[in-house]
Amino acid sequence: MLNIAKIEKTDDYFTALGKRKSRCAYFCRINGYNRRIHDFILKYHETARASGVIIEGNIKPPDNNNLKYFNEMLGSDFMLDKNFLYSKLNKWLPRMSMSQCENVSNSIYDVLVSLKNKGKSDSMLKNAYTKFMCWLYYKFERIVNKLGEEQLPKILYEGYVTTYELLLLNMLAGAGCDVVLLQYNGDNQYKSADPTSVYSFDFTMADMKPFPQDFSLKKIRAEIQENMTVQRLYGTLPDSSPCTNAWIKGKVFDDMRTAVTKRGDDSRFFYNCFFLVNGAEDKLIYPNELLRLYSEIKNSGRHITVVSGELLPPDTTEINSIERKNYQKNDQLILDFASKFSGVNDNELQKLVRKSFIDTMIYESRRENSNLSRLTTKAVYLLCWFNRYHHELFKNYRFPEISCFILFNPVMNENTAMFCRFLSKLPVDVVLLNPNLNNICTLDADNLFVKNYDDSLVMENFPNENTVMSVGTAAYHAERELDSMMYTDTGMYRDRQYSKANTIILHTMYEEIEILWDKAMTLRPSFDVIGDTVNMPVIFAKISGVKNGDVSAYWNSIRRLINDDNTILITRLPRIPAGYSNPMKPFATGFIQNGKLQRQKIKEHKLYPYKFLRESVQDYILDKLQLLLDMKPIKGMFTNGMEYDVISTVLNLDKVSLRLIQNFDFTKVNPKIIYIVTSESVLSPQDAIYFSFFNLVGFDILFFVPTGYQCFEEHLLVNNVEEHQIGEYKYDMRIPNLNPHSLGARLSSFNKIFKRGT
């Protein structure tokens, strides 16, 4: 006979008898649920099905036919005697060995004696003996000859046992059989049969919850059948699997930078990360940190894709390119779509993509309210998005490279969440960055690592090379205290060392403008150099009103900002009249295709006006023109043909402006444009193009509007100009001679350049 012991972990049930800590059988009841319990039941069910007995509900009492056959074989006599019980059992179950027969008969004898001592009559003992014998024959005959073997047979019981069922199960466990009781509604009913838990042990885990309402062995069998179907769907499985986040140290950006070779060395795995980051660790340097992260990953040779905001749904062209069939079952749909995921040149990656798609579709098919039509839509979304991004993520891919997919300011819905889960099972770092804590980002995924910071930051776009950033100074973010710490860079730079630059718009206090105005870029907050690109913090602001109503001090404050060598002063509006003659305008339509500049065509055009500039300056101008087209800040762009005005205006800049661009050293003091608007005059759409472009180039731009009127706003879809209200509004102010040495000459030059058309 074996002792009955309690397991320490569920895997103990599958340990051979000789390798257990003692010669024991396990008899446990399970009253709670988690995923590990689910997986254990799945495995134990299959073991019991192959070598054991599965009982769903109570064991039926012997019927008349059972009793008739029993009496014909063994007679109707009964004696409470070990030899009697042994002889009857040996005849009744002849496949049992002598030791098995002896163990079971002794167990029956001990139980009957216990019942007699509790006052049971001889008739009741005979009925118990008959019930035990019939149950052994009709329910457990297939395992009685395996009792006590090295691999103990298994009994899986679903429901609540009666007293006599519990006695029989205890006998079998002692004779060499493992038993599991599944009790979906807790332990109270069991305690009526075994108040002090003499016969079995209650197995618990710290994170167990009540069983789901619909949980049953019938559902387990359906899952097993589904798993068999899934195995057929997989085909040839990949040789590797994801090791997601297990290797990380929790410092998100550092983990993302970690080289693939330093993440782990087990060839069975590829090491990726799956992060959700809410808030910013330090909002003052967060934009620079993002840009540095992007550049370092890209410069390391890894593929990186960034999507800001919503993961746009597939358009009609994408959807129509996918051929679909009439599916009758989920597995037909999944098998057909799995064959459509192609376009990667690495065999191992192809198998991983197929498996991840199948895993994702199975997960989605099990979700509440999912049906074949909804599942088809989800499969279409997955395939369209994979086709959209796999060229960027996996171009010339070689396993085990790790690409990077960043979703910035994610707009989460069930399809976006599905795509993120799908990518997280591929050799991709999937990172969701949500710096604005007012945006709630939730994602349900078992393999997701969530990092939360207290600082919140509003950023529209991820700051890569095609994005304009907005950041605040320390004073701006710290209750506008001017004496707060400002970023300075002590690095030394050669003249015109860099030919590429990105603009960062500084949000400042009004009083800070004059302080920062003549400072070199290196001395401004958030200046940075990443690789071969400079991040330039620039001022872009509108000053409305007159401080303290002091007109004289007002003009003096403007006069202090004007430097004849690097400042364009504009006092006559519109600067570029709406009908001015532009020689580039007739050709603008041929300079763009699908939103992209035809650079070579522009440079080769006979009227191209910038051939005299350095090649790097020409490229810089065209880069910023392309960025202006991408941003679409001017009303009418790509709807009313305003994009052609944008192109022709930027390709017809005056000499003064061009010389300032040519002379601009991105690490030193930047050029300036000052508008003074004292009347009801407003800027033209071409003026809006002009200052929007020069903001991207890196100029500081100020609008002094003592009237507080709108002067350019009507032309902008995207208004990045910060407005400072500094005092009372003044009207009909006459502009004094603020720059007598150069202003007249410049204005005369401008008037010649921008003639009205006839």
# chains A, B, ... in the order shown; residues from 1 in each chain; ligands from 1
$ residues_around --residues "Val617 of chain A" --least-positions-apart "3" --cutoff "9 Å" --atoms "only C-alpha atoms" --output "PyMOL selection string"
chain A and resi 499+613-614+620-622+661-662
$ residues_around --residues "segment 48-51 of chain A" --least-positions-apart "5" --cutoff "10 Å" --atoms "only C-alpha atoms" --output "number ranges by chain"
A: 43, 142-143, 146, 151-156, 178-179
$ residues_around --residues "Tyr729 of chain A" --least-positions-apart "5" --cutoff "12 Å" --atoms "only C-alpha atoms" --output "list in words"
Ile543, Ser544, Gly545, Val546, Lys547, Asn548, Gly549, Asp550, Val551, Tyr554, Thr678, Ser679, Phe704, Val705, Pro706, Thr707, Gly708 and Tyr709 of chain A
$ write_last_selection --atoms "C-alpha atoms" --output "compact mmCIF listing (two decimals), in the first residue's frame"
# COMPACT_ATOMS: atom_id res chain seq x y z
CA ILE A 543 3.80 89.36 -29.45
CA SER A 544 0.40 90.98 -29.00
CA GLY A 545 -0.10 94.34 -27.26
CA VAL A 546 2.30 96.89 -25.80
CA LYS A 547 3.83 96.22 -22.40
CA ASN A 548 2.58 98.71 -19.81
CA GLY A 549 1.31 100.81 -22.72
CA ASP A 550 4.80 102.36 -23.02
CA VAL A 551 5.21 102.95 -26.77
CA TYR A 554 8.10 99.02 -26.98
CA THR A 678 0.45 97.96 -36.80
CA SER A 679 -2.62 98.19 -39.02
CA PHE A 704 4.98 92.18 -33.25
CA VAL A 705 1.28 93.00 -33.37
CA PRO A 706 0.43 95.90 -31.02
CA THR A 707 -3.21 95.79 -32.15
CA GLY A 708 -3.65 92.13 -31.14
CA TYR A 709 -5.38 91.55 -34.50
$ select_by_dssp --residues "segment 588-619 of chain A" --states "strand (DSSP E or B)" --output "list of chain:residue names"
A:Ile592, A:Gln593, A:Lys596, A:Leu597
$ closest_residue --among "A:Ile735, A:Cys101, A:Cys177, A:Ile402" --to "Thr261 of chain A" --atoms "only C-alpha atoms"
A:Ile402
$ closest_residue --among "A:Val646, A:Phe699, A:Ile304, A:Leu42" --to "Ala222 of chain A" --atoms "only C-alpha atoms"
A:Leu42
$ residues_around --residues "segment 354-363 of chain A" --least-positions-apart "2" --cutoff "6 Å" --atoms "only C-alpha atoms" --output "list in words"
Ala338, Lys351, Leu352, Ser365, Arg366, Phe422 and Lys425 of chain A
$ write_last_selection --atoms "C-alpha atoms" --output "PDB file, in the first residue's frame"
ATOM      1  CA  ALA A 338      -1.677  31.987 -43.400  1.00  0.00           C
ATOM      2  CA  LYS A 351       7.720  30.325 -40.359  1.00  0.00           C
ATOM      3  CA  LEU A 352       7.584  32.716 -37.400  1.00  0.00           C
ATOM      4  CA  SER A 365     -11.513  33.424 -32.355  1.00  0.00           C
ATOM      5  CA  ARG A 366     -11.838  32.608 -28.651  1.00  0.00           C
ATOM      6  CA  PHE A 422       1.056  39.777 -33.563  1.00  0.00           C
ATOM      7  CA  LYS A 425       5.824  37.291 -31.388  1.00  0.00           C
TER       8      LYS A 425
END
$ atom_distance --atom1 "atom CA of Asn452 of chain A" --atom2 "atom CA of Val411 of chain A"
17.5 Å
$ closest_residue --among "A:Cys243, A:Ala173, A:Ile37, A:Val538" --to "Val104 of chain A" --atoms "only C-alpha atoms"
A:Ala173
$ residues_around --residues "Val682 of chain A" --least-positions-apart "5" --cutoff "9 Å" --atoms "only C-alpha atoms" --output "list in words"
Leu573, Pro574, Val677, Gln710, Cys711 and Phe712 of chain A
$ write_last_selection --atoms "C-alpha atoms" --output "compact mmCIF listing (two decimals), in the first residue's frame"
# COMPACT_ATOMS: atom_id res chain seq x y z
CA LEU A 573 2.20 93.88 -45.71
CA PRO A 574 1.65 91.76 -47.56
CA VAL A 677 1.98 94.71 -38.07
CA GLN A 710 -5.08 88.34 -36.47
CA CYS A 711 -2.61 88.80 -39.26
CA PHE A 712 -1.62 85.34 -40.56
$ closest_residue --among "A:Val721, A:Leu168, A:Val431, A:Leu561" --to "Lys519 of chain A" --atoms "only C-alpha atoms"
A:Leu561
$ closest_residue --among "A:Tyr184, A:Tyr69, A:Trp517, A:Tyr33" --to "Glu158 of chain A" --atoms "only C-alpha atoms"
A:Tyr184
$ atom_distance --atom1 "atom CA of Glu713 of chain A" --atom2 "atom CA of Pro633 of chain A"
10.9 Å
$ residues_around --residues "Asp429 of chain A" --least-positions-apart "2" --cutoff "6 Å" --atoms "only C-alpha atoms" --output "PDB file with N, CA and C atoms, in the first residue's frame"
ATOM      1  N   ASN A 272      13.465  39.708 -27.885  1.00  0.00           N
ATOM      2  CA  ASN A 272      12.823  40.975 -28.231  1.00  0.00           C
ATOM      3  C   ASN A 272      12.161  41.571 -27.006  1.00  0.00           C
ATOM      4  N   CYS A 273      11.637  42.788 -27.156  1.00  0.00           N
ATOM      5  CA  CYS A 273      10.936  43.428 -26.050  1.00  0.00           C
ATOM      6  C   CYS A 273       9.571  43.914 -26.515  1.00  0.00           C
ATOM      7  N   PHE A 274       8.669  44.028 -25.570  1.00  0.00           N
ATOM      8  CA  PHE A 274       7.300  44.479 -25.820  1.00  0.00           C
ATOM      9  C   PHE A 274       6.949  45.428 -24.674  1.00  0.00           C
ATOM     10  N   CYS A 404      12.623  47.172 -35.088  1.00  0.00           N
ATOM     11  CA  CYS A 404      11.987  47.992 -34.050  1.00  0.00           C
ATOM     12  C   CYS A 404      10.751  48.677 -34.619  1.00  0.00           C
TER      13      CYS A 404
END
$ closest_residue --among "A:Ser241, A:Asn66, A:Asn737, A:Thr305" --to "Ile562 of chain A" --atoms "only C-alpha atoms"
A:Asn737
$ residues_around --residues "Leu172 of chain A" --least-positions-apart "5" --cutoff "12 Å" --atoms "only C-alpha atoms" --output "number ranges by chain"
A: 1-4, 25-27, 52-53, 100-101, 103-108, 111, 132, 135-136, 140-141, 143-148, 152-155, 165-167, 177-179, 199
$ write_last_selection --atoms "N, CA and C atoms" --output "compact mmCIF listing (two decimals), in the first residue's frame"
# COMPACT_ATOMS: atom_id res chain seq x y z
N MET A 1 0.83 -1.20 0.00
CA MET A 1 0.00 0.00 0.00
C MET A 1 0.87 1.25 0.00
N LEU A 2 0.39 2.30 -0.70
CA LEU A 2 1.12 3.56 -0.78
C LEU A 2 0.53 4.58 0.18
N ASN A 3 1.41 5.46 0.66
CA ASN A 3 0.92 6.61 1.40
C ASN A 3 0.27 7.58 0.42
N ILE A 4 -0.66 8.38 0.93
CA ILE A 4 -1.28 9.42 0.11
C ILE A 4 -0.70 10.76 0.54
N ALA A 25 1.13 8.00 -3.51
CA ALA A 25 0.20 8.43 -4.54
C ALA A 25 -0.33 9.80 -4.13
N TYR A 26 -0.84 10.55 -5.13
CA TYR A 26 -1.35 11.90 -4.86
C TYR A 26 -2.87 11.91 -5.02
N PHE A 27 -3.53 12.51 -4.03
CA PHE A 27 -4.99 12.65 -4.07
C PHE A 27 -5.30 14.08 -3.64
N GLY A 52 -6.06 5.81 -17.62
CA GLY A 52 -6.77 6.18 -16.41
C GLY A 52 -8.26 6.21 -16.64
N VAL A 53 -8.96 6.93 -15.77
CA VAL A 53 -10.42 7.00 -15.83
C VAL A 53 -10.83 8.45 -15.62
N GLN A 100 -1.68 -6.71 -6.30
CA GLN A 100 -2.73 -5.73 -6.54
C GLN A 100 -4.04 -6.19 -5.91
N CYS A 101 -4.36 -7.47 -6.08
CA CYS A 101 -5.59 -8.02 -5.52
C CYS A 101 -5.55 -7.96 -3.99
N ASN A 103 -3.78 -5.85 -2.12
CA ASN A 103 -3.88 -4.46 -1.67
C ASN A 103 -5.31 -3.95 -1.71
N VAL A 104 -6.02 -4.22 -2.81
CA VAL A 104 -7.38 -3.73 -2.93
C VAL A 104 -8.32 -4.43 -1.95
N SER A 105 -8.18 -5.76 -1.81
CA SER A 105 -9.06 -6.49 -0.88
C SER A 105 -8.82 -6.05 0.56
N ASN A 106 -7.56 -5.81 0.92
CA ASN A 106 -7.27 -5.31 2.28
C ASN A 106 -7.88 -3.93 2.49
N SER A 107 -7.81 -3.08 1.43
CA SER A 107 -8.41 -1.75 1.55
C SER A 107 -9.92 -1.83 1.73
N ILE A 108 -10.57 -2.72 0.96
CA ILE A 108 -12.02 -2.88 1.11
C ILE A 108 -12.35 -3.36 2.52
N VAL A 111 -12.08 -0.50 5.05
CA VAL A 111 -13.20 0.42 4.94
C VAL A 111 -14.46 -0.19 5.56
N PHE A 132 -18.94 -1.45 -4.16
CA PHE A 132 -17.51 -1.30 -4.46
C PHE A 132 -17.08 -2.26 -5.56
N TRP A 135 -18.49 -1.15 -8.99
CA TRP A 135 -17.79 0.03 -9.49
C TRP A 135 -16.40 -0.33 -10.01
N LEU A 136 -15.72 -1.22 -9.28
CA LEU A 136 -14.38 -1.63 -9.73
C LEU A 136 -14.45 -2.32 -11.08
N PHE A 140 -13.71 0.89 -13.26
CA PHE A 140 -12.26 1.01 -13.10
C PHE A 140 -11.49 -0.23 -13.55
N GLU A 141 -12.17 -1.14 -14.24
CA GLU A 141 -11.51 -2.39 -14.64
C GLU A 141 -10.29 -2.13 -15.51
N ILE A 143 -8.00 -0.03 -15.24
CA ILE A 143 -6.78 0.42 -14.57
C ILE A 143 -6.37 -0.45 -13.39
N VAL A 144 -7.23 -1.37 -12.95
CA VAL A 144 -6.91 -2.12 -11.73
C VAL A 144 -5.65 -2.97 -11.89
N ASN A 145 -5.37 -3.41 -13.11
CA ASN A 145 -4.16 -4.21 -13.33
C ASN A 145 -2.92 -3.34 -13.48
N LYS A 146 -3.07 -1.98 -13.41
CA LYS A 146 -1.93 -1.07 -13.51
C LYS A 146 -1.61 -0.39 -12.19
N LEU A 147 -2.39 -0.73 -11.14
CA LEU A 147 -2.21 -0.08 -9.86
C LEU A 147 -0.81 -0.36 -9.31
N GLY A 148 -0.14 0.71 -8.86
CA GLY A 148 1.17 0.55 -8.25
C GLY A 148 2.32 0.43 -9.22
N LEU A 152 1.92 5.65 -12.44
CA LEU A 152 0.63 5.37 -11.81
C LEU A 152 -0.52 5.80 -12.72
N PRO A 153 -1.59 4.99 -12.81
CA PRO A 153 -2.76 5.41 -13.56
C PRO A 153 -3.41 6.63 -12.90
N LYS A 154 -4.20 7.36 -13.69
CA LYS A 154 -4.78 8.63 -13.22
C LYS A 154 -6.30 8.55 -13.21
N ILE A 155 -6.89 9.13 -12.17
CA ILE A 155 -8.34 9.31 -12.11
C ILE A 155 -8.62 10.80 -12.05
N GLU A 165 -18.24 7.05 -2.89
CA GLU A 165 -17.29 7.31 -3.97
C GLU A 165 -15.93 7.72 -3.41
N LEU A 166 -15.96 8.57 -2.40
CA LEU A 166 -14.71 9.03 -1.79
C LEU A 166 -13.96 7.87 -1.15
N LEU A 167 -14.70 6.97 -0.51
CA LEU A 167 -14.05 5.81 0.09
C LEU A 167 -13.37 4.95 -0.97
N CYS A 177 -2.76 4.66 -7.30
CA CYS A 177 -3.43 5.42 -8.35
C CYS A 177 -3.47 6.89 -7.92
N ASP A 178 -3.18 7.81 -8.85
CA ASP A 178 -3.30 9.25 -8.57
C ASP A 178 -4.73 9.71 -8.83
N VAL A 179 -5.20 10.65 -8.00
CA VAL A 179 -6.58 11.12 -8.12
C VAL A 179 -6.59 12.65 -8.06
N TYR A 199 -9.08 12.29 3.57
CA TYR A 199 -8.84 11.47 2.38
C TYR A 199 -8.07 12.19 1.27
$ atom_distance --atom1 "atom CA of Asp194 of chain A" --atom2 "atom CA of Phe84 of chain A"
28.9 Å
$ select_by_dssp --residues "segment 360-541 of chain A" --states "alpha helix (DSSP H)" --output "ChimeraX atom specification"
/A:360-366,372-394,414-424,474-477,510-517
$ decode --residues "segment 716-738 of chain A" --atoms "N, CA and C atoms" --output "PDB file, in the first residue's frame"
ATOM      1  N   LEU A 716      -3.446  79.292 -41.946  1.00  0.00           N
ATOM      2  CA  LEU A 716      -2.762  78.128 -41.374  1.00  0.00           C
ATOM      3  C   LEU A 716      -3.742  77.050 -40.929  1.00  0.00           C
ATOM      4  N   LEU A 717      -3.447  75.819 -41.292  1.00  0.00           N
ATOM      5  CA  LEU A 717      -4.136  74.666 -40.716  1.00  0.00           C
ATOM      6  C   LEU A 717      -3.441  74.197 -39.449  1.00  0.00           C
ATOM      7  N   VAL A 718      -2.115  74.290 -39.458  1.00  0.00           N
ATOM      8  CA  VAL A 718      -1.309  73.915 -38.301  1.00  0.00           C
ATOM      9  C   VAL A 718      -0.595  75.168 -37.826  1.00  0.00           C
ATOM     10  N   ASN A 719      -0.944  75.647 -36.628  1.00  0.00           N
ATOM     11  CA  ASN A 719      -0.375  76.885 -36.112  1.00  0.00           C
ATOM     12  C   ASN A 719       0.557  76.573 -34.947  1.00  0.00           C
ATOM     13  N   ASN A 720       1.865  76.610 -35.224  1.00  0.00           N
ATOM     14  CA  ASN A 720       2.859  76.350 -34.187  1.00  0.00           C
ATOM     15  C   ASN A 720       3.390  77.630 -33.555  1.00  0.00           C
ATOM     16  N   VAL A 721       2.795  78.777 -33.917  1.00  0.00           N
ATOM     17  CA  VAL A 721       3.274  80.058 -33.409  1.00  0.00           C
ATOM     18  C   VAL A 721       2.751  80.271 -31.991  1.00  0.00           C
ATOM     19  N   GLU A 722       3.661  80.497 -31.051  1.00  0.00           N
ATOM     20  CA  GLU A 722       3.268  80.749 -29.665  1.00  0.00           C
ATOM     21  C   GLU A 722       2.933  82.231 -29.508  1.00  0.00           C
ATOM     22  N   GLU A 723       1.802  82.540 -28.871  1.00  0.00           N
ATOM     23  CA  GLU A 723       1.395  83.934 -28.707  1.00  0.00           C
ATOM     24  C   GLU A 723       1.610  84.389 -27.272  1.00  0.00           C
ATOM     25  N   HIS A 724       2.213  85.593 -27.108  1.00  0.00           N
ATOM     26  CA  HIS A 724       2.413  86.211 -25.803  1.00  0.00           C
ATOM     27  C   HIS A 724       1.563  87.479 -25.738  1.00  0.00           C
ATOM     28  N   GLN A 725       0.673  87.562 -24.780  1.00  0.00           N
ATOM     29  CA  GLN A 725      -0.109  88.776 -24.538  1.00  0.00           C
ATOM     30  C   GLN A 725       0.654  89.584 -23.489  1.00  0.00           C
ATOM     31  N   ILE A 726       1.236  90.736 -23.892  1.00  0.00           N
ATOM     32  CA  ILE A 726       2.148  91.430 -22.975  1.00  0.00           C
ATOM     33  C   ILE A 726       1.589  92.735 -22.428  1.00  0.00           C
ATOM     34  N   GLY A 727       0.445  93.207 -22.952  1.00  0.00           N
ATOM     35  CA  GLY A 727      -0.082  94.472 -22.445  1.00  0.00           C
ATOM     36  C   GLY A 727      -1.264  94.956 -23.248  1.00  0.00           C
ATOM     37  N   GLU A 728      -1.605  96.237 -23.062  1.00  0.00           N
ATOM     38  CA  GLU A 728      -2.783  96.786 -23.718  1.00  0.00           C
ATOM     39  C   GLU A 728      -2.554  96.923 -25.227  1.00  0.00           C
ATOM     40  N   TYR A 729      -3.662  96.876 -25.975  1.00  0.00           N
ATOM     41  CA  TYR A 729      -3.592  97.008 -27.425  1.00  0.00           C
ATOM     42  C   TYR A 729      -3.491  98.494 -27.816  1.00  0.00           C
ATOM     43  N   LYS A 730      -2.661  98.744 -28.828  1.00  0.00           N
ATOM     44  CA  LYS A 730      -2.476 100.098 -29.354  1.00  0.00           C
ATOM     45  C   LYS A 730      -2.761 100.088 -30.855  1.00  0.00           C
ATOM     46  N   TYR A 731      -3.370 101.176 -31.349  1.00  0.00           N
ATOM     47  CA  TYR A 731      -3.785 101.226 -32.742  1.00  0.00           C
ATOM     48  C   TYR A 731      -3.148 102.433 -33.453  1.00  0.00           C
ATOM     49  N   ASP A 732      -3.041 102.299 -34.792  1.00  0.00           N
ATOM     50  CA  ASP A 732      -2.546 103.388 -35.656  1.00  0.00           C
ATOM     51  C   ASP A 732      -1.162 103.878 -35.239  1.00  0.00           C
ATOM     52  N   MET A 733      -0.339 102.964 -34.738  1.00  0.00           N
ATOM     53  CA  MET A 733       1.027 103.334 -34.346  1.00  0.00           C
ATOM     54  C   MET A 733       1.891 103.495 -35.598  1.00  0.00           C
ATOM     55  N   ARG A 734       2.708 104.527 -35.612  1.00  0.00           N
ATOM     56  CA  ARG A 734       3.640 104.754 -36.716  1.00  0.00           C
ATOM     57  C   ARG A 734       4.970 104.104 -36.374  1.00  0.00           C
ATOM     58  N   ILE A 735       5.510 103.359 -37.343  1.00  0.00           N
ATOM     59  CA  ILE A 735       6.763 102.637 -37.115  1.00  0.00           C
ATOM     60  C   ILE A 735       7.933 103.588 -37.293  1.00  0.00           C
ATOM     61  N   PRO A 736       8.777 103.756 -36.283  1.00  0.00           N
ATOM     62  CA  PRO A 736       9.945 104.624 -36.427  1.00  0.00           C
ATOM     63  C   PRO A 736      11.016 103.941 -37.268  1.00  0.00           C
ATOM     64  N   ASN A 737      12.073 104.659 -37.568  1.00  0.00           N
ATOM     65  CA  ASN A 737      13.192 104.103 -38.328  1.00  0.00           C
ATOM     66  C   ASN A 737      14.012 103.222 -37.387  1.00  0.00           C
ATOM     67  N   LEU A 738      13.675 101.934 -37.385  1.00  0.00           N
ATOM     68  CA  LEU A 738      14.315 101.012 -36.449  1.00  0.00           C
ATOM     69  C   LEU A 738      15.677 100.547 -36.931  1.00  0.00           C
TER      70      LEU A 738
END
